[in-house]
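A short worksheet on the structure shown next.
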Amino acid sequence: MAHRATRTLVLGGVRSGKSAHGESLLRAHQQIRYLATGPVTTTDAEWTARVNTHKQRRDARYTTIETTDLAEALRAAPDIPALVDDLGSWLTARIDAVDGWDSGSDIDLDADITELCDALAAMNADVVLISSEVGLSLVPPTPAGRLFQDLLGTLNSAVAQACDRVSLVVAGRVLDLPGSSVEDHNGAPVSAAQSTTPAPAAAPVTTAPVATPAPVTPGPVAEPTPVTVSGELPDPTDAEVFDPITPPSEAVAFEARERQKSLTKPPGSLGRLEEIGVWISACQGQCPPAPITSPSVVVFAGDHGVARGGVSAFPPEVTAQMVANIESGGAAVNVMAARVGASVTVVDMSVDADTAPHLSTFKVRRSSEDLRTTDSITLAEARAALAAGRAIADRLIDSGSDLLIAGEMGIGNTTPATVLIGALTRREPVEIVGRGTGVDDHGWMRKTAAIRDGMRRARKVVHDPLALLAAVGGADLTATSGFLAQAALRRTPVILDGVVITAAAMVANELAPGATRWWIAGHRSVEPAHQIALDHLDLEPVLDLSMRLGEGSGAVLALPVVQSAADILISMATFAEAGVTDRDDAAVPEAAETS
Ligand SMILES: O=C(O)c1ccc[n+]([C@@H]2O[C@H](COP(=O)([O-])O)[C@@H](O)[C@H]2O)c1
Ligand SMILES: Cc1cc2nc[nH]c2cc1C
C-alpha cells in the first residue's frame with residue numbers, strides 16, 4: 001500500500017516546540033528538503049545562534065535549501081518530503097520584496113499566497129509547514145507590526161485550507177485542530193481548496209483522545225477529548241504485502257551505547273533501562289533521542305464465535321459493553337493512559353453488536369465465526385482488516401504519534417490467540433492453554449478442546465499468514481497484525497501488551513519479517529502461551545506484575561520506563577559536563593610494595 005502524501009500546517013507561538021513537532025512528523029522519511037525561509041545573511045548573533053540550534057537538531061537526512069521563493073522550491077521536487085520553516089519569514093521576505101512595510105492595508109499578496117497554495121496542492125510527498133500563531137497576542141503598537149500580524153493571519157488561514165492537517169503547539173503540547181480535512185474515495189487526502197465535492201458520506205473515524213493527552217495529575221481521569229482522524233476505508237488490495245522491514249539504526253545504537261558510558265553513572269548501573277534507551281535512539285535514528293511525547297494506544301475490539309462454546313468466564317455481550325466503557329474513559333486502560341499521558345482509541349473491528357458509528361468505520365463484520373469448525377473470516381475480510389490496521393497506524397503516525405501501543409478487548413479472544421501461538425510454535429494445547437478471564441475447570445477443558453480443534457485447522461495454513469489469520473484469528477487479531485507490521489514499516493516503536501497482542505505480533509512478524517525489532521514487550525501475562533510467544537519473538541518483558549487484563553494495560557504501565565530510558569540519554573549530564581571524575585580518569589594509587 002503506497003503511503004499517501006499529507007500536507008500539515010504546524011502553528012504555534014515562539015518557543016512552543018512547533019519546529020520540533022514538525023520535524024517529528026517527518027521522522028519516518030530518509031530524505032527531507034528543509035526549506036529555510038529566514039534571512040540568509042545576518043549580523044544578528046542571536047538569530048544565528050537560533051538557526052544553529054535548529055540545524056543541530058536536524059540529522060543527515062535533511063538537505064537545507066535557503067529560499068524565499070517557496071512555491072518554486074516546492075515545485076522543484078514535488079516527490080521529496082519537505083519541511084518549510086517558517087511562513088512568517090517567507091512573509092517578511094515578500095513584504096520586503098515589494099517594499100511594503102509602509103503601505104498600510106494597500107499591500108496585495110494574494111497572488112503570492114495562491115501560488116504557494118497551488119504548489120502545495122501539487123506535492124506528491126509529505127510536506128510540513130511551520131508558522132507562528134501571532135493572532136493571540138496584543139495588537140502591535142506599530143503600523144508595520146499590525147500589517148505583519150494581519151497578513152500572517154490571512155496567510156495561515158489560506159495555507160490551512162490547502163493542508164490536510166493543522167496542529168497548534170502550545171508549551172510543547174500538540175493539539176490537532178478539527179476542521180476542513182476531507183479525503184477522496186481512495187482515502188487520499190484532498191485539500192479543501194482543491195475539493196469540489198462535499199465530504200464523503202462515511203463517518204469519520206473519531207478516536208478517543210489522540211495527541212492531546214491529559215496532563216499527568218493525581219485525581220480523577222480527565223474527560224477524553226475526541227479527535228477526528230478522518231478517512232474512508234483503505235483499499236484492501238495487497239494489504240498482506242509488505243516492503244522489506246529495515247531494522248533500527250545499528251550506527252545510532254552504537255552512538256547511544258557510547259553516550260551511555262559518558263553519563264554520570266557507573267557504566268551499566270541503569271541495567272536494562274540503558275539498552276531500552278539505546279533501542280529508542282536506534283528506532284528514532286538519532287542520539288540523543290527525542291523525548292516520547294505523543295504515545296497512542298489503540299484497542300482493537302471484536303467478538304469470536306468460539307466464545308459461544310463456553311471457553312470464557314464472561315458472556316460475549318461484555319465485549320460491546322466494555323467498548324462503550326473504554327470509549328467513555330472508564331476502563332483500566334483509560335485510567336493508566338491518563339496517568340502517563342497516552343491517548344486511547346477504541347476500534348470496533350468485529351463486535352457482535354452495533355457500536356457508535358465513529359467506532360465502527362473499519363468494522364469488517366459482526367463477530368468472527370467459530371474457529372473450531374469454520375474459518376473465522378474470509379480472505380477478503382482478512383485483507384480488509386489488515387488494511388484497516390495498517391491505515392490506523394499510518395494515521396496516528398502521520399498525526400505525530402511517536403510510539404504506538406496495541407491493546408484489545410474481546411470475550412473469548414485468548415482462544416484464537418493461543419491457537420495462533422500453538423500453531424506457529426508447534427506446542428501441545430495443554431502446554432499453552434490458560435484461564436483467560438478466569439474460566440473454571442469445565443470451561444478449561446472446553447477451551448483446551450477448542451484450541452486442539454483450532455490448531456488442527458490452523459496447521460493446514462500455517463505457512464500462509466493471511467490464510468492463518470482468516471482461518472483462526474478473526475478480524476480484530478488480523479487488524480492488530482496489520483497495525484503492528486505497519487508501525488515497523490513506518491519505523492515507529494511499539495510496546496506490546498499480553499498474550500492476544502503478542503499472538504497477533506507473531507503473525508505480523510511472519511507477514512513482515514524483522515518487524516519484531518521495532519517492538520518491546522511491555523509485560524509478561526500469566527497466560528502460559530504468552531511466554532512461549534515472547535521466546536519465539538526473542539522479546540524480554542519489561543514488567544511482570546501477574547496481570548491478565550489486556551486492553552493494552554500492561555504495555556501502558558511499561559510506557560514510563562521507556563520514556564525514562566529516552567530521557568536519560570537526553571537530559572543526564574556527562575562526566576565532562578558535570579565535572580565528575582570518570583573511572584578511567586581516576587588517579588591510580590601506587591601499588592603497595594609486597595616484596
Ligand atoms: O492480555 C492478556 O494476556 C489477557 C489474558 C487474559 C485475558 N485477557 C482479556 O480477557 C479477554 C479474553 O479472555 P477470555 O477468557 O474471554 O478468552 C479479552 O478481553 C482480553 O483482553 C487478556
Ligand atoms: C470486565 C472485563 C474487562 C476486560 N478488559 C479486557 N478484557 C476484559 C474482560 C472483562 C470481562
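As shown in the C-alpha cells, the chain order sets the letters A, B, ...; within each chain, residues go from 1, and ligands are also counted from 1 in the order they appear.
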So which residues are near ligand 1, meaning at most 7 Å away with only C-alpha atoms and all ligand atoms counted, given back as a ChimeraX atom specification?
/A:311-314,319,408-415,435-439,497-501,525-527,530,548-551
Contacts of stretch 370-387 of chain A within 7 Å, only C-alpha atoms, excl. fewer than 4 positions in-chain, as an MDAnalysis selection string:
chainID A and resid 234:236 239:240 304:306 364 391 450 453:454 466:467 469:475 478:479 481:482
Include N, CA and C atoms and write out the residues we just selected as a JSON list (two decimals), in the first residue's frame.
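What ended up in part.json:
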[["chain", "number", "residue", "atom", "x", "y", "z"],
["A", 234, "PRO", "N", -9.59, 2.03, 3.80],
["A", 234, "PRO", "CA", -8.44, 1.90, 2.91],
["A", 234, "PRO", "C", -8.67, 0.82, 1.87],
["A", 235, "ASP", "N", -7.93, 0.89, 0.78],
["A", 235, "ASP", "CA", -8.01, -0.12, -0.28],
["A", 235, "ASP", "C", -7.36, -1.41, 0.24],
["A", 236, "PRO", "N", -8.10, -2.54, 0.28],
["A", 236, "PRO", "CA", -7.51, -3.78, 0.83],
["A", 236, "PRO", "C", -6.60, -4.54, -0.14],
["A", 239, "ALA", "N", -3.07, -5.94, 0.81],
["A", 239, "ALA", "CA", -2.85, -5.49, 2.19],
["A", 239, "ALA", "C", -1.85, -6.38, 2.91],
["A", 240, "GLU", "N", -1.69, -7.64, 2.44],
["A", 240, "GLU", "CA", -0.78, -8.56, 3.12],
["A", 240, "GLU", "C", 0.65, -8.45, 2.60],
["A", 304, "HIS", "N", -15.84, -13.35, 19.06],
["A", 304, "HIS", "CA", -15.38, -14.60, 18.45],
["A", 304, "HIS", "C", -16.45, -15.66, 18.65],
["A", 305, "GLY", "N", -16.83, -16.33, 17.55],
["A", 305, "GLY", "CA", -17.88, -17.35, 17.63],
["A", 305, "GLY", "C", -17.57, -18.42, 18.66],
["A", 306, "VAL", "N", -16.28, -18.71, 18.85],
["A", 306, "VAL", "CA", -15.90, -19.77, 19.79],
["A", 306, "VAL", "C", -16.33, -19.43, 21.22],
["A", 364, "VAL", "N", -15.47, -4.96, 10.04],
["A", 364, "VAL", "CA", -15.46, -5.91, 8.94],
["A", 364, "VAL", "C", -16.74, -6.76, 8.95],
["A", 391, "ALA", "N", -3.89, 1.22, 8.09],
["A", 391, "ALA", "CA", -4.32, 2.63, 7.93],
["A", 391, "ALA", "C", -4.37, 3.33, 9.28],
["A", 450, "ALA", "N", -11.17, -26.77, 22.29],
["A", 450, "ALA", "CA", -11.35, -25.79, 21.20],
["A", 450, "ALA", "C", -9.99, -25.43, 20.59],
["A", 453, "ASP", "N", -8.94, -28.22, 18.34],
["A", 453, "ASP", "CA", -9.66, -28.20, 17.06],
["A", 453, "ASP", "C", -9.15, -27.07, 16.17],
["A", 454, "GLY", "N", -8.94, -25.90, 16.79],
["A", 454, "GLY", "CA", -8.45, -24.74, 16.02],
["A", 454, "GLY", "C", -7.07, -25.01, 15.46],
["A", 466, "LEU", "N", -1.75, -14.76, 5.95],
["A", 466, "LEU", "CA", -3.09, -14.19, 5.70],
["A", 466, "LEU", "C", -4.14, -15.28, 5.89],
["A", 467, "ALA", "N", -3.90, -16.45, 5.32],
["A", 467, "ALA", "CA", -4.86, -17.55, 5.44],
["A", 467, "ALA", "C", -4.97, -18.02, 6.89],
["A", 469, "LEU", "N", -4.59, -16.15, 9.61],
["A", 469, "LEU", "CA", -5.41, -15.17, 10.33],
["A", 469, "LEU", "C", -6.88, -15.35, 9.98],
["A", 470, "ALA", "N", -7.15, -15.62, 8.71],
["A", 470, "ALA", "CA", -8.55, -15.81, 8.29],
["A", 470, "ALA", "C", -9.12, -17.08, 8.91],
["A", 471, "ALA", "N", -8.30, -18.14, 8.98],
["A", 471, "ALA", "CA", -8.81, -19.43, 9.47],
["A", 471, "ALA", "C", -9.12, -19.37, 10.95],
["A", 472, "VAL", "N", -8.23, -18.81, 11.75],
["A", 472, "VAL", "CA", -8.40, -18.91, 13.21],
["A", 472, "VAL", "C", -8.21, -17.61, 13.98],
["A", 473, "GLY", "N", -7.84, -16.52, 13.30],
["A", 473, "GLY", "CA", -7.52, -15.29, 14.03],
["A", 473, "GLY", "C", -8.74, -14.42, 14.29],
["A", 474, "GLY", "N", -9.51, -14.17, 13.24],
["A", 474, "GLY", "CA", -10.63, -13.24, 13.36],
["A", 474, "GLY", "C", -10.21, -11.83, 12.96],
["A", 475, "ALA", "N", -11.21, -10.95, 12.81],
["A", 475, "ALA", "CA", -10.95, -9.62, 12.25],
["A", 475, "ALA", "C", -10.14, -8.74, 13.18],
["A", 478, "THR", "N", -6.49, -9.83, 13.23],
["A", 478, "THR", "CA", -5.90, -9.54, 11.90],
["A", 478, "THR", "C", -5.57, -8.05, 11.79],
["A", 479, "ALA", "N", -6.50, -7.21, 12.22],
["A", 479, "ALA", "CA", -6.23, -5.76, 12.18],
["A", 479, "ALA", "C", -5.02, -5.43, 13.05],
["A", 481, "SER", "N", -2.47, -7.33, 13.68],
["A", 481, "SER", "CA", -1.25, -7.73, 12.96],
["A", 481, "SER", "C", -0.88, -6.66, 11.94],
["A", 482, "GLY", "N", -1.87, -6.14, 11.21],
["A", 482, "GLY", "CA", -1.59, -5.09, 10.23],
["A", 482, "GLY", "C", -1.02, -3.85, 10.90]]
Can you pull out the residues contacting stretch 168-177 of chain A? Cut-off 6 Å, using only C-alpha atoms, and skip same-chain residues under 5 positions away; I want them as a tab-separated table (two decimals) with C-alpha atoms, in the first residue's frame.
chain	number	residue	atom	x	y	z
A	10	VAL	CA	2.00	23.40	12.38
A	11	LEU	CA	1.13	26.61	14.19
A	12	GLY	CA	2.47	27.78	17.50
A	16	SER	CA	6.32	26.49	21.67
A	17	GLY	CA	8.01	23.37	20.23
A	18	LYS	CA	6.38	23.78	16.80
A	212	THR	CA	-3.64	15.79	23.48
Atom CA of A:Ala144 to atom CA of A:Ser103 measures 8.7 Å
For each of A:Asp126, A:Asp106, A:Glu317, A:Glu133, take the minimum atom-to-atom distance to ligand 2, counting only C-alpha atoms and all ligand atoms, then give the residue where this is smallest.
A:Glu317
Do you know which residues are at most 12 Å from A:Thr492 counting only C-alpha atoms, after dropping those on the same chain fewer than 5 positions away, and could you put them as JSON, numbers by chain?
{"A": [24, 25, 26, 27, 28, 29, 245, 246, 247, 248, 279, 280, 281, 282, 283, 284, 285, 292, 294, 295, 296, 393, 394, 396, 397, 398, 400, 401, 402, 403, 404, 405, 483, 484, 485, 486, 487, 515, 516, 517, 518, 519, 520]}
Can those selected residues be exported to a file as a tab-separated table (two decimals), in the first residue's frame so that it contains N, CA and C atoms?
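What follows is the written file selection_17.tsv:
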chain	number	residue	atom	x	y	z
A	24	SER	N	9.30	15.98	13.85
A	24	SER	CA	8.90	14.63	14.27
A	24	SER	C	7.88	14.04	13.29
A	25	LEU	N	7.10	14.89	12.63
A	25	LEU	CA	6.12	14.38	11.68
A	25	LEU	C	6.79	13.75	10.46
A	26	LEU	N	8.02	14.15	10.20
A	26	LEU	CA	8.72	13.64	9.02
A	26	LEU	C	9.77	12.59	9.40
A	27	ARG	N	9.66	12.13	10.66
A	27	ARG	CA	10.65	11.21	11.22
A	27	ARG	C	10.90	9.98	10.35
A	28	ALA	N	9.83	9.49	9.72
A	28	ALA	CA	9.96	8.20	9.02
A	28	ALA	C	10.66	8.35	7.67
A	29	HIS	N	10.90	9.57	7.21
A	29	HIS	CA	11.46	9.74	5.86
A	29	HIS	C	12.98	9.73	5.88
A	245	ILE	N	11.34	-4.87	5.85
A	245	ILE	CA	11.49	-4.07	7.07
A	245	ILE	C	12.98	-3.82	7.29
A	246	THR	N	13.37	-2.57	7.45
A	246	THR	CA	14.77	-2.30	7.79
A	246	THR	C	14.85	-2.14	9.31
A	247	PRO	N	15.89	-2.68	9.92
A	247	PRO	CA	15.98	-2.63	11.39
A	247	PRO	C	16.29	-1.22	11.88
A	248	PRO	N	16.08	-0.97	13.19
A	248	PRO	CA	16.54	0.29	13.77
A	248	PRO	C	18.04	0.46	13.51
A	279	TRP	N	17.71	1.38	22.28
A	279	TRP	CA	16.72	0.93	21.29
A	279	TRP	C	15.87	2.10	20.78
A	280	ILE	N	15.42	2.93	21.70
A	280	ILE	CA	14.60	4.08	21.28
A	280	ILE	C	15.42	5.00	20.36
A	281	SER	N	16.66	5.22	20.76
A	281	SER	CA	17.55	6.05	19.95
A	281	SER	C	17.70	5.46	18.55
A	282	ALA	N	17.94	4.15	18.50
A	282	ALA	CA	18.13	3.48	17.21
A	282	ALA	C	16.86	3.53	16.37
A	283	CYS	N	15.70	3.39	17.03
A	283	CYS	CA	14.42	3.46	16.30
A	283	CYS	C	14.25	4.86	15.70
A	284	GLN	N	14.58	5.88	16.48
A	284	GLN	CA	14.40	7.25	16.00
A	284	GLN	C	15.50	7.67	15.03
A	285	GLY	N	16.60	6.90	15.02
A	285	GLY	CA	17.71	7.25	14.12
A	285	GLY	C	18.46	8.47	14.59
A	292	ILE	N	9.71	11.02	24.26
A	292	ILE	CA	8.44	10.43	23.76
A	292	ILE	C	7.30	11.24	24.35
A	294	SER	N	4.12	11.85	22.41
A	294	SER	CA	2.78	11.60	21.85
A	294	SER	C	2.51	10.11	21.67
A	295	PRO	N	2.50	9.34	22.78
A	295	PRO	CA	2.21	7.91	22.63
A	295	PRO	C	0.72	7.68	22.45
A	296	SER	N	0.37	6.70	21.63
A	296	SER	CA	-1.05	6.42	21.34
A	296	SER	C	-1.36	4.94	21.54
A	393	ALA	N	-2.52	2.71	11.92
A	393	ALA	CA	-1.12	3.04	12.29
A	393	ALA	C	-0.65	4.25	11.49
A	394	ASP	N	-0.90	4.24	10.19
A	394	ASP	CA	-0.47	5.36	9.35
A	394	ASP	C	-1.04	6.68	9.85
A	396	LEU	N	-2.20	7.56	12.78
A	396	LEU	CA	-1.65	8.02	14.07
A	396	LEU	C	-0.23	8.55	13.88
A	397	ILE	N	0.57	7.83	13.11
A	397	ILE	CA	1.96	8.26	12.90
A	397	ILE	C	1.97	9.60	12.16
A	398	ASP	N	1.09	9.72	11.15
A	398	ASP	CA	1.02	10.98	10.41
A	398	ASP	C	0.55	12.13	11.29
A	400	GLY	N	1.51	12.51	14.29
A	400	GLY	CA	2.57	12.86	15.22
A	400	GLY	C	2.79	11.87	16.35
A	401	SER	N	2.08	10.74	16.36
A	401	SER	CA	2.34	9.75	17.43
A	401	SER	C	3.78	9.26	17.31
A	402	ASP	N	4.50	9.25	18.44
A	402	ASP	CA	5.90	8.84	18.38
A	402	ASP	C	6.13	7.47	19.00
A	403	LEU	N	5.08	6.84	19.49
A	403	LEU	CA	5.17	5.46	19.99
A	403	LEU	C	3.75	4.90	19.98
A	404	LEU	N	3.61	3.65	19.54
A	404	LEU	CA	2.28	3.05	19.46
A	404	LEU	C	2.15	1.86	20.42
A	405	ILE	N	0.95	1.69	20.92
A	405	ILE	CA	0.62	0.55	21.78
A	405	ILE	C	-0.65	-0.06	21.23
A	483	PHE	N	-1.59	-3.50	12.02
A	483	PHE	CA	-1.16	-2.30	12.77
A	483	PHE	C	0.30	-2.46	13.21
A	484	LEU	N	0.64	-3.62	13.76
A	484	LEU	CA	1.99	-3.82	14.31
A	484	LEU	C	3.04	-3.88	13.20
A	485	ALA	N	2.69	-4.55	12.10
A	485	ALA	CA	3.66	-4.63	11.00
A	485	ALA	C	3.83	-3.26	10.34
A	486	GLN	N	2.74	-2.51	10.23
A	486	GLN	CA	2.84	-1.19	9.60
A	486	GLN	C	3.67	-0.23	10.45
A	487	ALA	N	3.53	-0.35	11.78
A	487	ALA	CA	4.34	0.50	12.66
A	487	ALA	C	5.82	0.24	12.38
A	515	ALA	N	10.00	-7.32	11.75
A	515	ALA	CA	9.19	-6.29	12.42
A	515	ALA	C	9.42	-6.31	13.93
A	516	THR	N	9.73	-7.49	14.47
A	516	THR	CA	9.91	-7.63	15.92
A	516	THR	C	10.98	-6.70	16.48
A	517	ARG	N	11.91	-6.28	15.62
A	517	ARG	CA	12.98	-5.38	16.08
A	517	ARG	C	12.43	-4.00	16.48
A	518	TRP	N	11.22	-3.70	16.04
A	518	TRP	CA	10.60	-2.40	16.33
A	518	TRP	C	9.68	-2.47	17.55
A	519	TRP	N	9.64	-3.67	18.21
A	519	TRP	CA	8.73	-3.84	19.32
A	519	TRP	C	9.50	-4.16	20.61
A	520	ILE	N	8.90	-3.73	21.72
A	520	ILE	CA	9.40	-4.15	23.03
A	520	ILE	C	8.20	-4.75	23.76
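Distance annotation: of A:Ala49, A:Ala503, A:Val323, A:Ala338, the residue with the minimal separation from A:Thr418 is A:Ala503; atom set is only C-alpha atoms.
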Can you pull out every residue from stretch 102-183 of chain A that DSSP, working from the backbone, puts in helix (DSSP H, G or I), and format the result as number ranges by chain?
A: 104-106, 110-121, 143-162
Rounded to one decimal, what separation in Å do you get between atom CA of A:Val98 and atom CA of A:Cys117?
19.9 Å
